[in-house]
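Undergrad: Supplied structure: work19.pdb, PDB, C-alpha atoms.
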```pdb
ATOM      1  CA  MET A   1     -12.149   5.732  -5.021  1.00  0.00           C
ATOM      2  CA  MET A   2      -8.594   5.964  -3.806  1.00  0.00           C
ATOM      3  CA  ILE A   3      -5.719   8.353  -4.368  1.00  0.00           C
ATOM      4  CA  ILE A   4      -2.178   7.117  -4.929  1.00  0.00           C
ATOM      5  CA  HIS A   5       0.868   9.291  -5.437  1.00  0.00           C
ATOM      6  CA  ASP A   6       3.571   7.641  -7.539  1.00  0.00           C
ATOM      7  CA  ARG A   7       7.307   7.963  -6.890  1.00  0.00           C
ATOM      8  CA  LYS A   8       7.477  11.098  -9.048  1.00  0.00           C
ATOM      9  CA  GLY A   9       4.660  12.780  -7.127  1.00  0.00           C
ATOM     10  CA  ALA A  10       1.949  12.344  -9.754  1.00  0.00           C
ATOM     11  CA  ARG A  11      -1.525  11.919  -8.283  1.00  0.00           C
ATOM     12  CA  VAL A  12      -3.632   9.053  -9.624  1.00  0.00           C
ATOM     13  CA  GLU A  13      -7.270   8.495  -8.697  1.00  0.00           C
ATOM     14  CA  PHE A  14      -8.916   5.179  -9.431  1.00  0.00           C
ATOM     15  CA  GLU A  15     -11.741   2.897  -8.366  1.00  0.00           C
ATOM     16  CA  PRO A  16     -10.367  -0.319  -6.859  1.00  0.00           C
ATOM     17  CA  VAL A  17     -12.493  -3.443  -6.800  1.00  0.00           C
ATOM     18  CA  ALA A  18     -13.823  -3.980  -3.272  1.00  0.00           C
ATOM     19  CA  ASN A  19     -12.753  -7.021  -1.248  1.00  0.00           C
ATOM     20  CA  LYS A  20      -9.821  -7.769  -3.523  1.00  0.00           C
ATOM     21  CA  PRO A  21      -6.123  -7.429  -2.620  1.00  0.00           C
ATOM     22  CA  LEU A  22      -4.882  -3.942  -3.339  1.00  0.00           C
ATOM     23  CA  MET A  23      -1.378  -4.730  -4.648  1.00  0.00           C
ATOM     24  CA  PRO A  24      -2.382  -6.297  -7.997  1.00  0.00           C
ATOM     25  CA  GLN A  25      -4.858  -3.486  -8.607  1.00  0.00           C
ATOM     26  CA  LEU A  26      -2.170  -0.874  -7.988  1.00  0.00           C
ATOM     27  CA  ARG A  27       0.299  -2.731 -10.176  1.00  0.00           C
ATOM     28  CA  HIS A  28      -2.039  -2.190 -13.121  1.00  0.00           C
ATOM     29  CA  GLN A  29      -2.096   1.550 -12.420  1.00  0.00           C
ATOM     30  CA  LYS A  30       1.640   1.830 -13.279  1.00  0.00           C
ATOM     31  CA  VAL A  31       2.441   3.893 -10.164  1.00  0.00           C
ATOM     32  CA  GLY A  32       5.562   1.959  -9.126  1.00  0.00           C
ATOM     33  CA  ILE A  33       4.028  -0.992  -7.289  1.00  0.00           C
ATOM     34  CA  ILE A  34       5.758  -4.148  -8.508  1.00  0.00           C
ATOM     35  CA  GLY A  35       4.738  -7.066  -6.277  1.00  0.00           C
ATOM     36  CA  LEU A  36       7.665  -9.347  -7.088  1.00  0.00           C
ATOM     37  CA  CYS A  37       6.695 -11.907  -4.427  1.00  0.00           C
ATOM     38  CA  ASN A  38       3.064 -12.057  -5.613  1.00  0.00           C
ATOM     39  CA  GLY A  39       1.608 -10.983  -2.295  1.00  0.00           C
ATOM     40  CA  ASN A  40       3.649 -12.989   0.185  1.00  0.00           C
ATOM     41  CA  ALA A  41       5.043  -9.996   2.160  1.00  0.00           C
ATOM     42  CA  VAL A  42       8.595 -11.017   1.272  1.00  0.00           C
ATOM     43  CA  CYS A  43       9.919  -8.465  -1.216  1.00  0.00           C
ATOM     44  CA  GLY A  44       8.584  -5.113  -0.038  1.00  0.00           C
ATOM     45  CA  SER A  45       8.105  -3.894  -3.624  1.00  0.00           C
ATOM     46  CA  CYS A  46       4.540  -2.819  -2.802  1.00  0.00           C
ATOM     47  CA  HIS A  47       5.602  -0.577   0.084  1.00  0.00           C
ATOM     48  CA  VAL A  48       3.495   2.551   0.544  1.00  0.00           C
ATOM     49  CA  TYR A  49       3.028   5.335   3.058  1.00  0.00           C
ATOM     50  CA  VAL A  50      -0.616   5.496   4.082  1.00  0.00           C
ATOM     51  CA  GLU A  51      -1.890   8.917   5.128  1.00  0.00           C
ATOM     52  CA  LYS A  52      -2.001   8.729   8.912  1.00  0.00           C
ATOM     53  CA  GLU A  53      -5.714   9.464   9.274  1.00  0.00           C
ATOM     54  CA  TRP A  54      -6.422   6.218   7.394  1.00  0.00           C
ATOM     55  CA  LEU A  55      -4.171   3.844   9.332  1.00  0.00           C
ATOM     56  CA  ASP A  56      -6.740   2.917  11.971  1.00  0.00           C
ATOM     57  CA  ARG A  57      -9.174   1.790   9.240  1.00  0.00           C
ATOM     58  CA  LEU A  58      -6.721  -0.813   7.949  1.00  0.00           C
ATOM     59  CA  PRO A  59      -6.368  -4.251   9.507  1.00  0.00           C
ATOM     60  CA  GLU A  60      -3.419  -4.538  11.866  1.00  0.00           C
ATOM     61  CA  PRO A  61      -0.280  -5.796  10.100  1.00  0.00           C
ATOM     62  CA  ASP A  62       0.578  -9.385  10.950  1.00  0.00           C
ATOM     63  CA  GLU A  63       4.001 -10.527  12.101  1.00  0.00           C
ATOM     64  CA  PHE A  64       5.210 -11.279   8.559  1.00  0.00           C
ATOM     65  CA  GLU A  65       4.311  -7.842   7.247  1.00  0.00           C
ATOM     66  CA  MET A  66       5.856  -6.155  10.292  1.00  0.00           C
ATOM     67  CA  GLU A  67       9.055  -8.184   9.916  1.00  0.00           C
ATOM     68  CA  ARG A  68       9.413  -7.133   6.286  1.00  0.00           C
ATOM     69  CA  ILE A  69       8.609  -3.486   6.982  1.00  0.00           C
ATOM     70  CA  GLU A  70      11.208  -3.409   9.749  1.00  0.00           C
ATOM     71  CA  GLN A  71      13.832  -4.459   7.174  1.00  0.00           C
ATOM     72  CA  LEU A  72      12.998  -1.666   4.719  1.00  0.00           C
ATOM     73  CA  PRO A  73      15.464   1.230   4.832  1.00  0.00           C
ATOM     74  CA  ASP A  74      12.793   3.826   3.976  1.00  0.00           C
ATOM     75  CA  ARG A  75      10.185   2.628   6.486  1.00  0.00           C
ATOM     76  CA  ARG A  76       8.055   5.086   8.421  1.00  0.00           C
ATOM     77  CA  ASP A  77       5.386   4.808  11.094  1.00  0.00           C
ATOM     78  CA  ASN A  78       2.764   4.798   8.340  1.00  0.00           C
ATOM     79  CA  SER A  79       4.428   2.139   6.150  1.00  0.00           C
ATOM     80  CA  ARG A  80       2.310  -0.723   4.866  1.00  0.00           C
ATOM     81  CA  LEU A  81       2.572  -3.415   2.198  1.00  0.00           C
ATOM     82  CA  THR A  82      -0.365  -3.241  -0.202  1.00  0.00           C
ATOM     83  CA  CYS A  83      -0.241  -6.989  -0.725  1.00  0.00           C
ATOM     84  CA  GLN A  84      -1.425  -7.488   2.847  1.00  0.00           C
ATOM     85  CA  PHE A  85      -4.820  -5.803   2.817  1.00  0.00           C
ATOM     86  CA  GLU A  86      -7.868  -5.528   0.621  1.00  0.00           C
ATOM     87  CA  TYR A  87      -9.724  -2.466  -0.518  1.00  0.00           C
ATOM     88  CA  THR A  88     -13.076  -2.259   1.273  1.00  0.00           C
ATOM     89  CA  PRO A  89     -15.890   0.301   0.965  1.00  0.00           C
ATOM     90  CA  ASP A  90     -14.910   1.946   4.272  1.00  0.00           C
ATOM     91  CA  LEU A  91     -11.570   2.866   2.643  1.00  0.00           C
ATOM     92  CA  ASP A  92     -13.259   5.078   0.052  1.00  0.00           C
ATOM     93  CA  GLY A  93     -11.026   8.132  -0.392  1.00  0.00           C
ATOM     94  CA  ILE A  94      -7.902   6.565   1.139  1.00  0.00           C
ATOM     95  CA  GLU A  95      -4.697   8.270   0.124  1.00  0.00           C
ATOM     96  CA  MET A  96      -1.194   6.799   0.001  1.00  0.00           C
ATOM     97  CA  THR A  97       2.210   7.389  -1.560  1.00  0.00           C
ATOM     98  CA  VAL A  98       4.449   4.770  -3.157  1.00  0.00           C
ATOM     99  CA  ALA A  99       7.662   4.504  -1.135  1.00  0.00           C
ATOM    100  CA  PRO A 100      11.084   4.817  -2.769  1.00  0.00           C
ATOM    101  CA  ARG A 101      12.413   1.563  -4.175  1.00  0.00           C
ATOM    102  CA  SER A 102      14.956   0.035  -1.794  1.00  0.00           C
TER     103      SER A 102
END
```
Could you take the file, read its structure, and then write that structure out as C-alpha coordinates?

TA:
Amino acid sequence: MMIIHDRKGARVEFEPVANKPLMPQLRHQKVGIIGLCNGNAVCGSCHVYVEKEWLDRLPEPDEFEMERIEQLPDRRDNSRLTCQFEYTPDLDGIEMTVAPRS
(Lines of atoms letter the chains of each structure in order from A and count residues from 1; the text may use other names and numbers.)
(Lines give C-alpha, C1' and ligand atoms only; values in the text may rest on other atoms or scores of the structure.)
Protein backbone atom coordinates (compact mmCIF):
# COMPACT_ATOMS: atom_id res chain seq x y z
CA MET A 1 0.00 0.00 0.00
CA MET A 2 1.13 3.54 -0.59
CA ILE A 3 -0.24 6.97 0.25
CA ILE A 4 -0.19 9.81 -2.26
CA HIS A 5 -1.41 13.33 -1.64
CA ASP A 6 -2.64 15.08 -4.78
CA ARG A 7 -2.07 18.75 -5.57
CA LYS A 8 -5.27 19.71 -3.73
CA GLY A 9 -4.22 17.85 -0.59
CA ALA A 10 -6.54 14.87 -0.99
CA ARG A 11 -5.12 11.64 0.41
CA VAL A 12 -5.30 8.56 -1.82
CA GLU A 13 -4.33 5.08 -0.69
CA PHE A 14 -3.77 2.35 -3.24
CA GLU A 15 -1.98 -0.93 -3.82
CA PRO A 16 0.69 -0.55 -6.51
CA VAL A 17 1.89 -3.57 -8.44
CA ALA A 18 5.32 -4.60 -7.13
CA ASN A 19 8.38 -4.38 -9.37
CA LYS A 20 6.65 -2.13 -11.88
CA PRO A 21 7.45 1.54 -12.54
CA LEU A 22 5.48 3.78 -10.24
CA MET A 23 4.67 6.66 -12.63
CA PRO A 24 2.16 4.82 -14.87
CA GLN A 25 0.44 3.37 -11.81
CA LEU A 26 0.08 6.82 -10.27
CA ARG A 27 -1.16 8.27 -13.54
CA HIS A 28 -4.14 5.93 -13.35
CA GLN A 29 -4.94 7.20 -9.85
CA LYS A 30 -5.74 10.69 -11.23
CA VAL A 31 -3.65 12.48 -8.58
CA GLY A 32 -1.86 14.88 -10.95
CA ILE A 33 0.93 12.67 -12.28
CA ILE A 34 1.07 13.10 -16.05
CA GLY A 35 4.23 11.43 -17.38
CA LEU A 36 4.44 13.32 -20.67
CA CYS A 37 7.85 11.86 -21.55
CA ASN A 38 6.72 8.28 -20.85
CA GLY A 39 9.33 7.64 -18.18
CA ASN A 40 12.44 9.16 -19.71
CA ALA A 41 13.15 11.69 -16.89
CA VAL A 42 12.81 14.57 -19.33
CA CYS A 43 9.57 16.38 -18.52
CA GLY A 44 9.33 16.38 -14.73
CA SER A 45 5.54 15.93 -14.84
CA CYS A 46 5.79 13.04 -12.37
CA HIS A 47 7.61 15.10 -9.74
CA VAL A 48 6.77 14.22 -6.14
CA TYR A 49 8.00 14.99 -2.65
CA VAL A 50 8.79 11.74 -0.86
CA GLU A 51 8.40 11.80 2.91
CA LYS A 52 11.96 12.06 4.19
CA GLU A 53 11.91 8.87 6.26
CA TRP A 54 11.41 6.92 3.01
CA LEU A 55 14.18 8.45 0.90
CA ASP A 56 16.90 6.04 1.98
CA ARG A 57 14.75 3.08 0.85
CA LEU A 58 14.63 4.36 -2.73
CA PRO A 59 17.40 3.73 -5.23
CA GLU A 60 19.77 6.66 -5.64
CA PRO A 61 18.71 8.98 -8.47
CA ASP A 62 20.90 8.69 -11.55
CA GLU A 63 22.49 11.65 -13.30
CA PHE A 64 19.55 12.13 -15.68
CA GLU A 65 16.99 12.29 -12.89
CA MET A 66 19.18 14.63 -10.85
CA GLU A 67 19.71 16.91 -13.86
CA ARG A 68 15.96 17.19 -14.42
CA ILE A 69 15.18 17.73 -10.74
CA GLU A 70 17.77 20.50 -10.56
CA GLN A 71 15.87 22.32 -13.33
CA LEU A 72 12.50 22.19 -11.55
CA PRO A 73 11.55 25.47 -9.87
CA ASP A 74 9.69 23.74 -7.02
CA ARG A 75 12.40 21.18 -6.21
CA ARG A 76 13.18 20.22 -2.64
CA ASP A 77 15.68 17.92 -0.96
CA ASN A 78 13.08 15.15 -1.07
CA SER A 79 12.13 15.59 -4.75
CA ARG A 80 11.99 12.51 -6.95
CA LEU A 81 10.58 11.56 -10.34
CA THR A 82 8.22 8.60 -10.06
CA CYS A 83 9.19 7.41 -13.52
CA GLN A 84 12.64 6.54 -12.21
CA PHE A 85 11.87 3.91 -9.59
CA GLU A 86 9.66 0.90 -9.10
CA TYR A 87 7.38 0.05 -6.24
CA THR A 88 8.86 -2.82 -4.22
CA PRO A 89 7.52 -4.64 -1.15
CA ASP A 90 9.96 -2.80 1.15
CA LEU A 91 8.19 0.45 0.17
CA ASP A 92 4.90 -0.69 1.70
CA GLY A 93 3.37 2.37 3.39
CA ILE A 94 5.47 4.94 1.51
CA GLU A 95 3.96 8.40 1.49
CA MET A 96 4.51 11.18 -1.05
CA THR A 97 2.93 14.39 -2.31
CA VAL A 98 2.53 15.44 -5.94
CA ALA A 99 4.58 18.58 -6.54
CA PRO A 100 3.04 21.71 -8.07
CA ARG A 101 3.04 21.72 -11.86
CA SER A 102 5.89 23.86 -13.18

Undergrad: Around all of region 13-28 of chain A's listed atoms, make the axis-aligned box with 4 Å on each side and tell me centre and edge lengths in Å to one decimal, as JSON.

TA:
```
{"center_x": -6.8, "center_y": 0.4, "center_z": -7.2, "size_x": 22.1, "size_y": 24.3, "size_z": 19.9}
```

Undergrad: May I have the protein, DNA and RNA residues with an atom at most 10 Å from (6.3, 4.8, -4.7), counting all atoms listed in the file in the file's coordinates, returned as a list in words?

TA: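 Selection result: Ile4, His5, Asp6, Arg7, Lys8, Gly9, Val31, Gly32, Ile33, Ile34, Ser45, Cys46, His47, Val48, Tyr49, Met96, Thr97, Val98, Ala99, Pro100 and Arg101 of chain A.
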
Undergrad: Contacts of Glu65 (chain A) at 10 Å or less, counting all atoms listed in the file, minus same-chain residues fewer than 6 places along, as a PyMOL selection string?

TA: chain A and resi 40-42+44+80-84

Undergrad: What's the separation between CA of Glu86 (chain A) and CA of Lys52 (chain A), in Å to one decimal place?

TA: 17.5 Å

Undergrad: Which residue is closest to Asp90 (chain A)? Choose from A:Met2, A:Ala10, A:Lys20, A:Arg57 and count all atoms listed in the file.

TA: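 Ranking A:Met2, A:Ala10, A:Lys20, A:Arg57 by distance to Asp90 (chain A), first place goes to A:Arg57.
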
Undergrad: Please write as a count of residues only the full residue list that the PyMOL selection byres ((chain A and resi 23) around 7) yields on this file.

TA: 10

Undergrad: Compare A:Asn78, A:Glu15, A:Gly39, A:Pro89 by their minimum atom-to-atom distance to Glu60 (chain A), counting only C-alpha atoms, and give me the closest one.

TA: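 Of A:Asn78, A:Glu15, A:Gly39, A:Pro89, the one nearest Glu60 (chain A), counting only C-alpha atoms, is A:Asn78.
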
Undergrad: Quick one, how far is CA of Thr88 (chain A) from CA of Cys43 (chain A)?

TA: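 CA of Cys43 (chain A) lies at a distance of 23.9 Å from CA of Thr88 (chain A).
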
Undergrad: Taking all atoms listed in the file into account, name the residue in A:Val50, A:Phe85, A:Ile94, A:Arg75 that is nearest to Asp62 (chain A).

TA: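 Of A:Val50, A:Phe85, A:Ile94, A:Arg75, the one nearest Asp62 (chain A) is A:Phe85, counting all atoms listed in the file.
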
Undergrad: To one decimal place in Å, what is the distance between CA of Asp74 (chain A) and CA of Gln29 (chain A)?

TA: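 Going from CA of Asp74 (chain A) over to CA of Gln29 (chain A), I get 22.3 Å.
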
Undergrad: Within 7 Å of Met1 (chain A), counting all atoms listed in the file, which residues show up once you throw out same-chain ones fewer than 3 positions away? Write them as a PyMOL selection string, please.

TA: chain A and resi 13-16+92-93
